[in-house]
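Asks: Contents of data_23.cif (mmCIF, C-alpha atoms and all ligand atoms):
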data_protein
#
loop_
_atom_site.label_atom_id
_atom_site.label_comp_id
_atom_site.auth_asym_id
_atom_site.auth_seq_id
_atom_site.Cartn_x
_atom_site.Cartn_y
_atom_site.Cartn_z
CA MET A 1 13.90 3.35 18.73
CA THR A 2 11.99 0.10 19.17
CA PHE A 3 11.62 -1.91 16.02
CA ARG A 4 7.95 -1.97 15.10
CA THR A 5 6.56 -3.69 12.05
CA ARG A 6 3.23 -4.96 10.80
CA PHE A 7 1.49 -7.40 8.54
CA ALA A 8 -1.43 -5.71 6.79
CA PRO A 9 -3.67 -8.11 4.87
CA SER A 10 -6.89 -7.21 3.11
CA PRO A 11 -9.62 -9.65 4.23
CA THR A 12 -10.76 -10.32 0.67
CA GLY A 13 -9.54 -13.89 0.29
CA PRO A 14 -7.56 -16.66 1.94
CA LEU A 15 -4.03 -16.27 3.23
CA HIS A 16 -1.72 -17.92 0.72
CA LEU A 17 1.95 -18.88 0.72
CA GLY A 18 3.08 -15.42 -0.39
CA HIS A 19 1.27 -13.75 2.50
CA ALA A 20 2.57 -16.33 4.94
CA TYR A 21 6.12 -15.61 3.82
CA SER A 22 5.66 -11.87 4.30
CA ALA A 23 4.02 -12.29 7.71
CA ILE A 24 6.59 -14.78 9.04
CA LEU A 25 9.48 -12.62 7.81
CA ALA A 26 8.12 -9.49 9.51
CA HIS A 27 7.25 -11.40 12.67
CA ASP A 28 10.67 -13.06 12.94
CA MET A 29 12.45 -9.75 12.34
CA ALA A 30 10.47 -8.16 15.15
CA ARG A 31 11.12 -11.04 17.52
CA ALA A 32 14.85 -11.13 16.72
CA ARG A 33 15.11 -7.43 17.57
CA GLY A 34 12.90 -7.50 20.66
CA GLY A 35 10.42 -5.33 18.78
CA ASP A 36 6.69 -5.30 18.11
CA PHE A 37 4.73 -7.13 15.47
CA LEU A 38 1.30 -5.73 14.63
CA LEU A 39 -1.54 -7.03 12.54
CA ARG A 40 -3.60 -4.45 10.66
CA ILE A 41 -6.73 -5.32 8.73
CA GLU A 42 -6.92 -3.31 5.50
CA ASP A 43 -10.66 -3.42 4.95
CA ILE A 44 -11.38 -0.14 3.16
CA ASP A 45 -13.00 -2.02 0.30
CA ARG A 46 -16.29 -2.67 2.07
CA ASP A 47 -17.72 -4.73 -0.80
CA ARG A 48 -14.87 -7.19 -0.99
CA SER A 49 -13.87 -7.41 2.68
CA LYS A 50 -15.54 -10.20 4.66
CA PRO A 51 -15.40 -11.00 8.38
CA GLU A 52 -15.05 -14.70 7.48
CA TRP A 53 -11.80 -13.98 5.63
CA GLU A 54 -10.51 -11.94 8.53
CA ALA A 55 -11.25 -14.79 10.95
CA GLN A 56 -9.57 -17.29 8.62
CA ILE A 57 -6.48 -15.10 8.23
CA GLU A 58 -6.10 -14.68 12.00
CA ASP A 59 -6.60 -18.40 12.50
CA ASP A 60 -3.95 -19.23 9.90
CA LEU A 61 -1.46 -16.73 11.36
CA ALA A 62 -1.92 -18.13 14.87
CA TRP A 63 -1.53 -21.66 13.52
CA LEU A 64 1.75 -20.55 11.90
CA GLY A 65 2.91 -19.66 15.39
CA LEU A 66 2.71 -15.88 15.04
CA SER A 67 1.46 -13.58 17.77
CA TRP A 68 0.72 -9.87 17.53
CA GLU A 69 -0.20 -6.84 19.56
CA THR A 70 -3.86 -6.29 20.35
CA PRO A 71 -6.27 -4.67 19.73
CA VAL A 72 -5.99 -5.12 15.98
CA LEU A 73 -6.51 -1.92 14.00
CA HIS A 74 -9.09 -2.00 11.21
CA GLN A 75 -8.86 0.63 8.52
CA SER A 76 -12.63 0.84 8.41
CA GLU A 77 -12.42 2.52 11.86
CA ARG A 78 -10.13 5.21 10.51
CA LEU A 79 -12.25 6.86 7.83
CA ALA A 80 -12.56 10.14 9.76
CA ALA A 81 -8.76 10.42 10.01
CA TYR A 82 -8.38 9.81 6.27
CA ALA A 83 -11.06 12.41 5.50
CA ALA A 84 -9.33 15.03 7.65
CA VAL A 85 -6.06 14.59 5.74
CA LEU A 86 -7.82 14.71 2.37
CA GLU A 87 -9.47 17.93 3.46
CA ASP A 88 -6.04 19.35 4.27
CA LEU A 89 -4.63 18.28 0.89
CA TRP A 90 -7.70 19.74 -0.80
CA GLN A 91 -7.25 23.08 0.96
CA ARG A 92 -3.62 23.08 -0.13
CA GLY A 93 -4.67 22.53 -3.76
CA LEU A 94 -2.81 19.23 -3.94
CA VAL A 95 -5.73 17.02 -4.93
CA TYR A 96 -8.37 17.46 -7.59
CA PRO A 97 -11.58 15.59 -8.45
CA CYS A 98 -11.50 13.13 -11.32
CA THR A 99 -14.58 11.75 -13.02
CA CYS A 100 -12.77 9.64 -15.61
CA THR A 101 -13.68 6.02 -16.11
CA ARG A 102 -11.04 3.39 -16.80
CA ARG A 103 -12.09 3.56 -20.44
CA ASP A 104 -11.73 7.37 -20.58
CA ILE A 105 -8.19 7.01 -19.29
CA GLN A 106 -7.32 4.29 -21.79
CA MET A 107 -8.68 6.38 -24.66
CA ALA A 108 -7.02 9.63 -23.64
CA ALA A 109 -3.71 7.92 -22.97
CA SER A 110 -3.65 6.13 -26.31
CA ALA A 111 -4.87 9.04 -28.46
CA PRO A 112 -2.78 9.05 -31.68
CA GLN A 113 -1.40 12.57 -31.17
CA GLU A 114 0.11 11.46 -27.88
CA GLY A 115 2.51 9.25 -29.80
CA ALA A 116 4.07 6.41 -27.82
CA SER A 117 1.94 4.03 -25.76
CA PRO A 118 1.21 5.24 -22.22
CA ALA A 119 3.56 4.40 -19.37
CA ILE A 120 2.20 1.84 -16.93
CA GLY A 121 2.46 3.01 -13.34
CA PRO A 122 1.93 1.12 -10.09
CA ASP A 123 -1.86 1.51 -10.37
CA GLY A 124 -2.21 0.99 -14.13
CA PRO A 125 -1.74 3.41 -17.04
CA VAL A 126 -0.28 6.74 -15.93
CA TYR A 127 -3.15 9.21 -15.72
CA PRO A 128 -3.13 11.53 -18.77
CA GLY A 129 -4.29 14.51 -16.68
CA THR A 130 -7.67 15.13 -18.30
CA CYS A 131 -9.42 16.39 -15.16
CA ARG A 132 -6.37 18.28 -13.90
CA ALA A 133 -6.46 20.38 -17.07
CA ALA A 134 -10.21 20.99 -16.67
CA GLN A 135 -9.70 22.33 -13.17
CA VAL A 136 -9.80 26.12 -13.36
CA ARG A 137 -8.82 26.69 -9.77
CA PHE A 138 -9.00 25.01 -6.43
CA ALA A 139 -11.63 26.48 -4.17
CA PRO A 140 -11.98 25.77 -0.47
CA ALA A 141 -15.23 23.93 -0.99
CA PRO A 142 -16.56 20.74 0.58
CA LEU A 143 -14.76 17.64 -0.57
CA PRO A 144 -16.46 16.18 -3.63
CA ARG A 145 -17.62 12.57 -3.73
CA GLU A 146 -15.64 11.95 -6.90
CA ALA A 147 -12.29 10.24 -6.93
CA LEU A 148 -9.52 12.58 -5.80
CA ARG A 149 -6.15 12.51 -7.52
CA LEU A 150 -2.86 13.85 -6.25
CA ASP A 151 -1.49 16.62 -8.45
CA MET A 152 2.01 15.14 -8.70
CA CYS A 153 3.70 18.22 -10.22
CA ARG A 154 2.29 20.52 -7.57
CA ALA A 155 3.23 18.10 -4.82
CA LEU A 156 6.84 17.98 -6.00
CA ASP A 157 6.82 21.74 -6.35
CA VAL A 158 5.73 22.14 -2.73
CA LEU A 159 8.60 19.94 -1.57
CA ALA A 160 11.14 21.71 -3.78
CA ARG A 161 10.14 25.10 -2.37
CA ARG A 162 10.78 24.14 1.24
CA PRO A 163 13.57 26.19 2.80
CA ASP A 164 15.64 23.06 3.30
CA PRO A 165 14.37 20.52 0.77
CA ASP A 166 15.84 17.13 1.56
CA ALA A 167 16.27 14.55 -1.15
CA LEU A 168 13.34 12.19 -1.59
CA GLY A 169 14.29 8.68 -0.68
CA PHE A 170 14.27 5.90 1.88
CA VAL A 171 16.47 3.23 3.41
CA GLU A 172 16.06 -0.25 1.93
CA THR A 173 17.18 -3.30 3.91
CA GLY A 174 15.93 -6.02 1.55
CA GLY A 175 18.53 -8.03 -0.36
CA GLY A 176 21.63 -7.52 1.76
CA GLN A 177 23.29 -4.36 3.06
CA PRO A 178 21.03 -1.41 3.92
CA ARG A 179 21.15 1.13 1.13
CA ARG A 180 19.61 4.47 0.35
CA VAL A 181 17.12 4.52 -2.53
CA ALA A 182 16.67 7.89 -4.20
CA ILE A 183 13.31 8.77 -5.71
CA GLY A 184 13.50 10.91 -8.82
CA ALA A 185 10.94 13.66 -9.47
CA GLY A 186 11.07 12.88 -13.18
CA HIS A 187 10.22 9.26 -12.49
CA LEU A 188 7.27 10.23 -10.30
CA ILE A 189 5.88 12.56 -12.95
CA ALA A 190 6.38 10.37 -16.01
CA GLU A 191 5.94 6.89 -14.61
CA VAL A 192 3.69 7.27 -11.58
CA GLY A 193 1.64 10.37 -12.27
CA ASP A 194 -1.47 11.69 -10.56
CA VAL A 195 -2.41 8.69 -8.46
CA VAL A 196 -5.84 8.31 -6.88
CA LEU A 197 -5.78 9.20 -3.16
CA ALA A 198 -9.51 8.78 -2.58
CA ARG A 199 -11.58 6.36 -4.57
CA ARG A 200 -15.10 7.37 -5.42
CA ASP A 201 -17.47 6.62 -2.53
CA MET A 202 -14.68 5.03 -0.55
CA GLY A 203 -13.19 8.24 0.81
CA THR A 204 -9.66 6.86 0.76
CA SER A 205 -7.26 4.61 -1.14
CA TYR A 206 -4.66 2.00 -0.35
CA HIS A 207 -1.85 4.59 -0.67
CA LEU A 208 -3.37 7.17 1.66
CA SER A 209 -4.57 4.70 4.32
CA VAL A 210 -1.34 2.77 4.49
CA VAL A 211 0.74 5.94 4.91
CA LEU A 212 -1.50 7.39 7.60
CA ASP A 213 -1.77 4.12 9.49
CA ASP A 214 1.91 3.31 9.41
CA ALA A 215 2.52 6.72 10.99
CA PHE A 216 -0.41 6.39 13.42
CA GLN A 217 0.86 3.01 14.60
CA GLY A 218 4.47 4.15 14.90
CA ILE A 219 5.75 1.62 12.35
CA THR A 220 9.53 1.84 12.01
CA HIS A 221 10.01 -0.99 9.48
CA VAL A 222 7.73 -1.94 6.63
CA VAL A 223 8.22 -5.49 5.33
CA ARG A 224 6.44 -6.06 2.03
CA GLY A 225 6.79 -7.77 -1.36
CA GLU A 226 8.96 -6.27 -4.06
CA ASP A 227 5.81 -5.83 -6.16
CA LEU A 228 5.11 -2.83 -3.92
CA PHE A 229 8.46 -1.12 -4.58
CA GLU A 230 6.86 1.50 -6.85
CA ALA A 231 4.02 2.06 -4.38
CA THR A 232 6.61 2.71 -1.66
CA GLN A 233 7.85 5.71 -3.65
CA ILE A 234 4.34 7.18 -3.58
CA HIS A 235 4.17 6.51 0.15
CA VAL A 236 7.46 8.30 0.83
CA LEU A 237 6.28 11.30 -1.16
CA LEU A 238 3.04 11.42 0.86
CA GLN A 239 5.01 11.17 4.11
CA ARG A 240 7.01 14.24 3.08
CA LEU A 241 3.92 16.20 2.08
CA LEU A 242 2.23 15.35 5.36
CA ASP A 243 5.31 15.73 7.57
CA LEU A 244 5.23 12.11 8.66
CA PRO A 245 8.32 10.02 9.39
CA THR A 246 9.57 7.62 6.72
CA PRO A 247 10.05 4.06 7.98
CA THR A 248 12.82 1.77 6.78
CA TYR A 249 11.58 -0.51 4.00
CA HIS A 250 12.36 -4.15 3.41
CA HIS A 251 11.08 -5.36 0.04
CA HIS A 252 11.25 -9.12 -0.12
CA ARG A 253 11.25 -11.56 -3.02
CA LEU A 254 7.91 -12.89 -4.18
CA ILE A 255 6.80 -16.48 -3.76
CA ARG A 256 6.05 -17.93 -7.18
CA ASP A 257 4.45 -21.15 -8.35
CA GLU A 258 6.33 -23.87 -10.29
CA LYS A 259 5.74 -21.96 -13.52
CA GLY A 260 7.30 -18.84 -12.04
CA LYS A 261 3.97 -17.07 -11.86
CA ARG A 262 3.15 -14.86 -8.89
CA LEU A 263 0.63 -16.28 -6.48
CA ALA A 264 -2.70 -14.55 -6.61
CA LYS A 265 -5.32 -14.39 -3.90
CA ARG A 266 -7.74 -16.48 -5.91
CA ASP A 267 -5.10 -19.22 -6.09
CA ASP A 268 -6.91 -21.34 -3.57
CA ALA A 269 -4.57 -24.26 -4.26
CA ARG A 270 -1.85 -22.40 -2.37
CA ALA A 271 -4.04 -21.17 0.44
CA ILE A 272 -2.66 -21.97 3.87
CA ARG A 273 -5.96 -23.53 4.85
CA THR A 274 -5.65 -25.97 1.93
CA TYR A 275 -2.21 -27.07 3.11
CA ARG A 276 -3.54 -27.36 6.66
CA ALA A 277 -6.38 -29.54 5.47
CA GLU A 278 -3.84 -31.75 3.72
CA GLY A 279 -1.92 -32.21 6.97
CA ALA A 280 1.02 -29.82 6.48
CA THR A 281 2.75 -28.45 9.60
CA PRO A 282 3.83 -24.84 10.17
CA GLN A 283 7.42 -26.06 9.65
CA ASP A 284 6.42 -27.43 6.24
CA ILE A 285 5.06 -23.99 5.31
CA ARG A 286 8.30 -22.30 6.44
CA ALA A 287 10.28 -24.80 4.35
CA MET A 288 8.04 -24.24 1.31
CA VAL A 289 8.77 -20.50 1.32
CA GLY A 290 12.48 -21.05 1.91
CA LEU A 291 12.67 -20.06 5.58
N1 LIG B 301 -3.07 -4.61 2.19
C1 LIG B 301 -1.83 -4.59 1.46
C2 LIG B 301 -1.63 -5.93 0.79
O1 LIG B 301 -2.19 -6.93 1.24
C3 LIG B 301 -0.72 -4.23 2.43
C4 LIG B 301 0.67 -4.36 1.95
C5 LIG B 301 1.56 -3.22 2.44
O2 LIG B 301 1.17 -2.07 2.37
O3 LIG B 301 2.68 -3.49 2.90
O4 LIG B 301 -0.97 -6.01 -0.24
ZN ZN B 302 -10.29 12.46 -14.77
#
Can you present the structure in this file as structure tokens?

Replies:
Amino acid sequence: MTFRTRFAPSPTGPLHLGHAYSAILAHDMARARGGDFLLRIEDIDRDRSKPEWEAQIEDDLAWLGLSWETPVLHQSERLAAYAAVLEDLWQRGLVYPCTCTRRDIQMAASAPQEGASPAIGPDGPVYPGTCRAAQVRFAPAPLPREALRLDMCRALDVLARRPDPDALGFVETGGGQPRRVAIGAGHLIAEVGDVVLARRDMGTSYHLSVVLDDAFQGITHVVRGEDLFEATQIHVLLQRLLDLPTPTYHHHRLIRDEKGKRLAKRDDARAIRTYRAEGATPQDIRAMVGL
């Protein structure tokens, strides 16, 4: 199987050192294996995505010496595909509408009778299940405009009932020898919970889009920061539910500033364009991220 990987930035800010590291790593892995390197623009957040950022990101990547397959896929072109899969999950009773605000979730999760403070999952506090409990039954009705959450217990139940249920997990190649990472059902229930698969008025979410697009684009290796390790577990679960192949994952270390803090998008000081303006070369950037 040809090695096929991608770099998938959201065009909501400048490319910084952390992104550059991720992109160069994925690109070099593809080149070393005679494989493909793709660029995918994750622009589902229509309010925050800007064509100027996309142009800047592409310009910075080309300046770094990277080249990618064309045409470039934009997630904003894929909304119909995401909607079709949500419809399927809805029909299967695996998603339910949720009208909770952030505040509702905070309040429900920290109610005194609940005891200990709520677990923090990959997307924030683990959802306390308010709207799941309010759901009498799932009817084959048109998809609501509300946020849709995955019913994690039902999803795991579906997988467990398969005639030949295979263990949930994936192959990890980051940090040395390839190894198999097992994903525990208990962990998914208690520490991940009912994640949002479609945000209100957006019709999708990062988790759903990334899973569908990695499959659509035939991605065999996902190279991403270790901050997404928990998200990967959600993605593998979705791949199983949707009968999609699971790529190999390579979670890499994060690039931090001198104080050990993770670089954020708004950190314009570490934007590649800032270094370019100061006269840095692509080799300087590689050296800065330890490549
Ligand atoms: N758009 C995501 C990001 O920039 C993609 C990362 C991924 O899924 O590997 O963090
Ligand atoms: Zn809710």

Asks: Can you pull out the residues contacting A:Leu237? Cut-off 9 Å, using only C-alpha atoms, and skip same-chain residues under 3 positions away; I want them as a ChimeraX atom specification.

Replies: /A:155-156,159,168-169,183,232-234,240-242

Asks: Include C-alpha atoms and write out the residues we just selected as an mmCIF file, in the coordinates of the input.

Replies:
data_model
loop_
_atom_site.group_PDB
_atom_site.id
_atom_site.type_symbol
_atom_site.label_atom_id
_atom_site.label_comp_id
_atom_site.auth_asym_id
_atom_site.auth_seq_id
_atom_site.Cartn_x
_atom_site.Cartn_y
_atom_site.Cartn_z
ATOM 1 C CA ALA A 155 3.230 18.100 -4.820
ATOM 2 C CA LEU A 156 6.840 17.980 -6.000
ATOM 3 C CA LEU A 159 8.600 19.940 -1.570
ATOM 4 C CA LEU A 168 13.340 12.190 -1.590
ATOM 5 C CA GLY A 169 14.290 8.680 -0.680
ATOM 6 C CA ILE A 183 13.310 8.770 -5.710
ATOM 7 C CA THR A 232 6.610 2.710 -1.660
ATOM 8 C CA GLN A 233 7.850 5.710 -3.650
ATOM 9 C CA ILE A 234 4.340 7.180 -3.580
ATOM 10 C CA ARG A 240 7.010 14.240 3.080
ATOM 11 C CA LEU A 241 3.920 16.200 2.080
ATOM 12 C CA LEU A 242 2.230 15.350 5.360
#

Asks: Would you name the residues within 7 Å of ligand LIG 301 (chain B), counting only C-alpha atoms and all ligand atoms, and put them as a PyMOL selection string?

Replies: chain A and resi 7-10+42+210+222-224

Asks: Counting only C-alpha atoms, which residues have an atom no more than 12 Å from (-5.3, 8.4, -24.0) in the file's coordinates? Please list them as a list of chain:residue names.

Replies: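 Answer for this query, in the requested form: A:Cys100, A:Thr101, A:Arg102, A:Arg103, A:Asp104, A:Ile105, A:Gln106, A:Met107, A:Ala108, A:Ala109, A:Ser110, A:Ala111, A:Pro112, A:Gln113, A:Glu114, A:Gly115, A:Ala116, A:Ser117, A:Pro118, A:Ala119, A:Pro125, A:Val126, A:Tyr127, A:Pro128, A:Gly129, A:Thr130.
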
Asks: Find the distance between atom CA of A:Gly260 and atom CA of A:Gly174 and write it in Å to one decimal.

Replies: 20.6 Å

Asks: Name all residues at most 8 Å from A:Met152 (count only C-alpha atoms; drop same-chain ones fewer than 3 positions away) and give them as a list in words.

Replies: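 Near A:Met152, the qualifying residues are Leu94, Ala155, Leu156, Leu188, Ile189, Gly193, Asp194 and Val195 of chain A.
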
Asks: What is the distance, in Å and to one decimal place, between atom CA of A:Val196 and atom CA of A:Leu148?

Replies: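 Here the two named atoms are 5.7 Å from each other.
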
Asks: Of the candidates A:Gln217, A:Thr99, A:Gln177, A:Gln239, which shows the shortest atom-to-atom distance to ligand ZN 302 (chain B), using all atoms listed in the file?

Replies: A:Thr99

Asks: Considering only C-alpha atoms, can you say which of A:Ala55, A:Gly18, A:Pro11, A:Ala160 comes closest to A:Arg270?

Replies: A:Gly18

Asks: Residues near stretch 57-67 of chain A, anyone? I mean within 8 Å using only C-alpha atoms, not counting same-chain ones fewer than 2 positions away, as a ChimeraX atom specification.

Replies: /A:11,14-15,20,23-24,27,37,53-55,69,272-273,282

Asks: In Å, how far is it from atom CA of A:Thr274 to atom CA of A:Lys259?

Replies: 19.6 Å

Asks: Using all atoms listed in the file, find the one residue out of A:Ala32, A:Ile219, A:Ala185, A:Ala287 that sits nearest to A:Thr5.

Replies: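 Smallest distance to A:Thr5 is found for A:Ile219.
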
Asks: Hey, what's within 7 Å of A:His74 if we count all atoms listed in the file and toss same-chain stuff fewer than 4 positions away? As JSON, numbers by chain, please?

Replies: {"A": [40, 41, 42, 43]}

Asks: A:Val181, A:Leu143, A:Val192, A:Val171: which is nearest A:Ile120, counting only C-alpha atoms?

Replies: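 Looking at the shortest contact to A:Ile120, the residue is A:Val192.
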
Asks: List every protein, DNA or RNA residue that has an atom no more than 6 Å from (9.0, -0.5, 6.2) in the file's coordinate frame, counting only C-alpha atoms, and report them as a PyMOL selection string.

Replies: chain A and resi 221-223+247-250

Asks: Keeping only C-alpha atoms, write the selected residues as a compact mmCIF listing (two decimals), keeping the file's coordinate frame.

Replies:
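Ended up saving to selection23.txt:
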# COMPACT_ATOMS: atom_id res chain seq x y z
CA HIS A 221 10.01 -0.99 9.48
CA VAL A 222 7.73 -1.94 6.63
CA VAL A 223 8.22 -5.49 5.33
CA PRO A 247 10.05 4.06 7.98
CA THR A 248 12.82 1.77 6.78
CA TYR A 249 11.58 -0.51 4.00
CA HIS A 250 12.36 -4.15 3.41

Asks: Nearest to ligand ZN 302 (chain B): which of A:Tyr96, A:Phe229, A:Tyr206, A:Tyr275 is it, counting only C-alpha atoms and all ligand atoms?

Replies: A:Tyr96

Asks: For A:Cys131, which residue out of A:Val158, A:Leu79, A:Cys98, A:Val236 is the nearest one, using all atoms listed in the file?

Replies: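 Counting all atoms listed in the file, the residue closest to A:Cys131 is A:Cys98.
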
Asks: Quick one: residues within 12 Å of A:Met202, all atoms listed in the file counted, chain neighbours fewer than 5 positions away excluded, as a PDB file with C-alpha atoms, in the frame of the given file?

Replies:
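Okay, this is what ended up in out_19.pdb:
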ATOM      1  CA  ASP A  43     -10.660  -3.420   4.950  1.00  0.00           C
ATOM      2  CA  ILE A  44     -11.380  -0.140   3.160  1.00  0.00           C
ATOM      3  CA  ASP A  45     -13.000  -2.020   0.300  1.00  0.00           C
ATOM      4  CA  ARG A  46     -16.290  -2.670   2.070  1.00  0.00           C
ATOM      5  CA  ASP A  47     -17.720  -4.730  -0.800  1.00  0.00           C
ATOM      6  CA  GLN A  75      -8.860   0.630   8.520  1.00  0.00           C
ATOM      7  CA  SER A  76     -12.630   0.840   8.410  1.00  0.00           C
ATOM      8  CA  ARG A  78     -10.130   5.210  10.510  1.00  0.00           C
ATOM      9  CA  LEU A  79     -12.250   6.860   7.830  1.00  0.00           C
ATOM     10  CA  ALA A  80     -12.560  10.140   9.760  1.00  0.00           C
ATOM     11  CA  TYR A  82      -8.380   9.810   6.270  1.00  0.00           C
ATOM     12  CA  ALA A  83     -11.060  12.410   5.500  1.00  0.00           C
ATOM     13  CA  PRO A 144     -16.460  16.180  -3.630  1.00  0.00           C
ATOM     14  CA  ARG A 145     -17.620  12.570  -3.730  1.00  0.00           C
ATOM     15  CA  GLU A 146     -15.640  11.950  -6.900  1.00  0.00           C
ATOM     16  CA  ALA A 147     -12.290  10.240  -6.930  1.00  0.00           C
ATOM     17  CA  LEU A 148      -9.520  12.580  -5.800  1.00  0.00           C
ATOM     18  CA  VAL A 196      -5.840   8.310  -6.880  1.00  0.00           C
ATOM     19  CA  LEU A 197      -5.780   9.200  -3.160  1.00  0.00           C
ATOM     20  CA  LEU A 208      -3.370   7.170   1.660  1.00  0.00           C
ATOM     21  CA  SER A 209      -4.570   4.700   4.320  1.00  0.00           C
TER      22      SER A 209
END

Asks: Complete the atoms of stretch 209-220 of chain A to N, CA, C and O atoms and put them out as an mmCIF file, in the frame of the given file.

Replies:
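After the write, part_36.cif holds the following:
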data_model
loop_
_atom_site.group_PDB
_atom_site.id
_atom_site.type_symbol
_atom_site.label_atom_id
_atom_site.label_comp_id
_atom_site.auth_asym_id
_atom_site.auth_seq_id
_atom_site.Cartn_x
_atom_site.Cartn_y
_atom_site.Cartn_z
ATOM 1 N N SER A 209 -4.307 5.400 3.045
ATOM 2 C CA SER A 209 -4.570 4.700 4.320
ATOM 3 C C SER A 209 -3.300 4.092 4.890
ATOM 4 O O SER A 209 -3.043 4.176 6.091
ATOM 5 N N VAL A 210 -2.534 3.474 4.015
ATOM 6 C CA VAL A 210 -1.340 2.770 4.490
ATOM 7 C C VAL A 210 -0.330 3.778 5.070
ATOM 8 O O VAL A 210 0.280 3.540 6.117
ATOM 9 N N VAL A 211 -0.199 4.918 4.437
ATOM 10 C CA VAL A 211 0.740 5.940 4.910
ATOM 11 C C VAL A 211 0.273 6.493 6.264
ATOM 12 O O VAL A 211 1.056 6.601 7.215
ATOM 13 N N LEU A 212 -1.002 6.813 6.355
ATOM 14 C CA LEU A 212 -1.500 7.390 7.600
ATOM 15 C C LEU A 212 -1.458 6.374 8.734
ATOM 16 O O LEU A 212 -1.137 6.707 9.869
ATOM 17 N N ASP A 213 -1.761 5.129 8.427
ATOM 18 C CA ASP A 213 -1.770 4.120 9.490
ATOM 19 C C ASP A 213 -0.379 3.709 9.929
ATOM 20 O O ASP A 213 -0.153 3.469 11.112
ATOM 21 N N ASP A 214 0.548 3.634 9.005
ATOM 22 C CA ASP A 214 1.910 3.310 9.410
ATOM 23 C C ASP A 214 2.418 4.391 10.379
ATOM 24 O O ASP A 214 3.062 4.080 11.380
ATOM 25 N N ALA A 215 2.099 5.628 10.106
ATOM 26 C CA ALA A 215 2.520 6.720 10.990
ATOM 27 C C ALA A 215 1.751 6.649 12.316
ATOM 28 O O ALA A 215 2.337 6.738 13.404
ATOM 29 N N PHE A 216 0.455 6.456 12.231
ATOM 30 C CA PHE A 216 -0.410 6.390 13.420
ATOM 31 C C PHE A 216 0.045 5.277 14.361
ATOM 32 O O PHE A 216 0.030 5.416 15.579
ATOM 33 N N GLN A 217 0.463 4.161 13.780
ATOM 34 C CA GLN A 217 0.860 3.010 14.600
ATOM 35 C C GLN A 217 2.345 3.006 14.940
ATOM 36 O O GLN A 217 2.833 2.051 15.535
ATOM 37 N N GLY A 218 3.050 4.049 14.556
ATOM 38 C CA GLY A 218 4.470 4.150 14.900
ATOM 39 C C GLY A 218 5.331 3.066 14.275
ATOM 40 O O GLY A 218 6.302 2.595 14.884
ATOM 41 N N ILE A 219 4.996 2.679 13.039
ATOM 42 C CA ILE A 219 5.750 1.620 12.350
ATOM 43 C C ILE A 219 7.131 2.149 11.954
ATOM 44 O O ILE A 219 7.239 3.184 11.292
ATOM 45 N N THR A 220 8.170 1.420 12.356
ATOM 46 C CA THR A 220 9.530 1.840 12.010
ATOM 47 C C THR A 220 10.078 1.067 10.812
ATOM 48 O O THR A 220 10.972 1.541 10.120
#
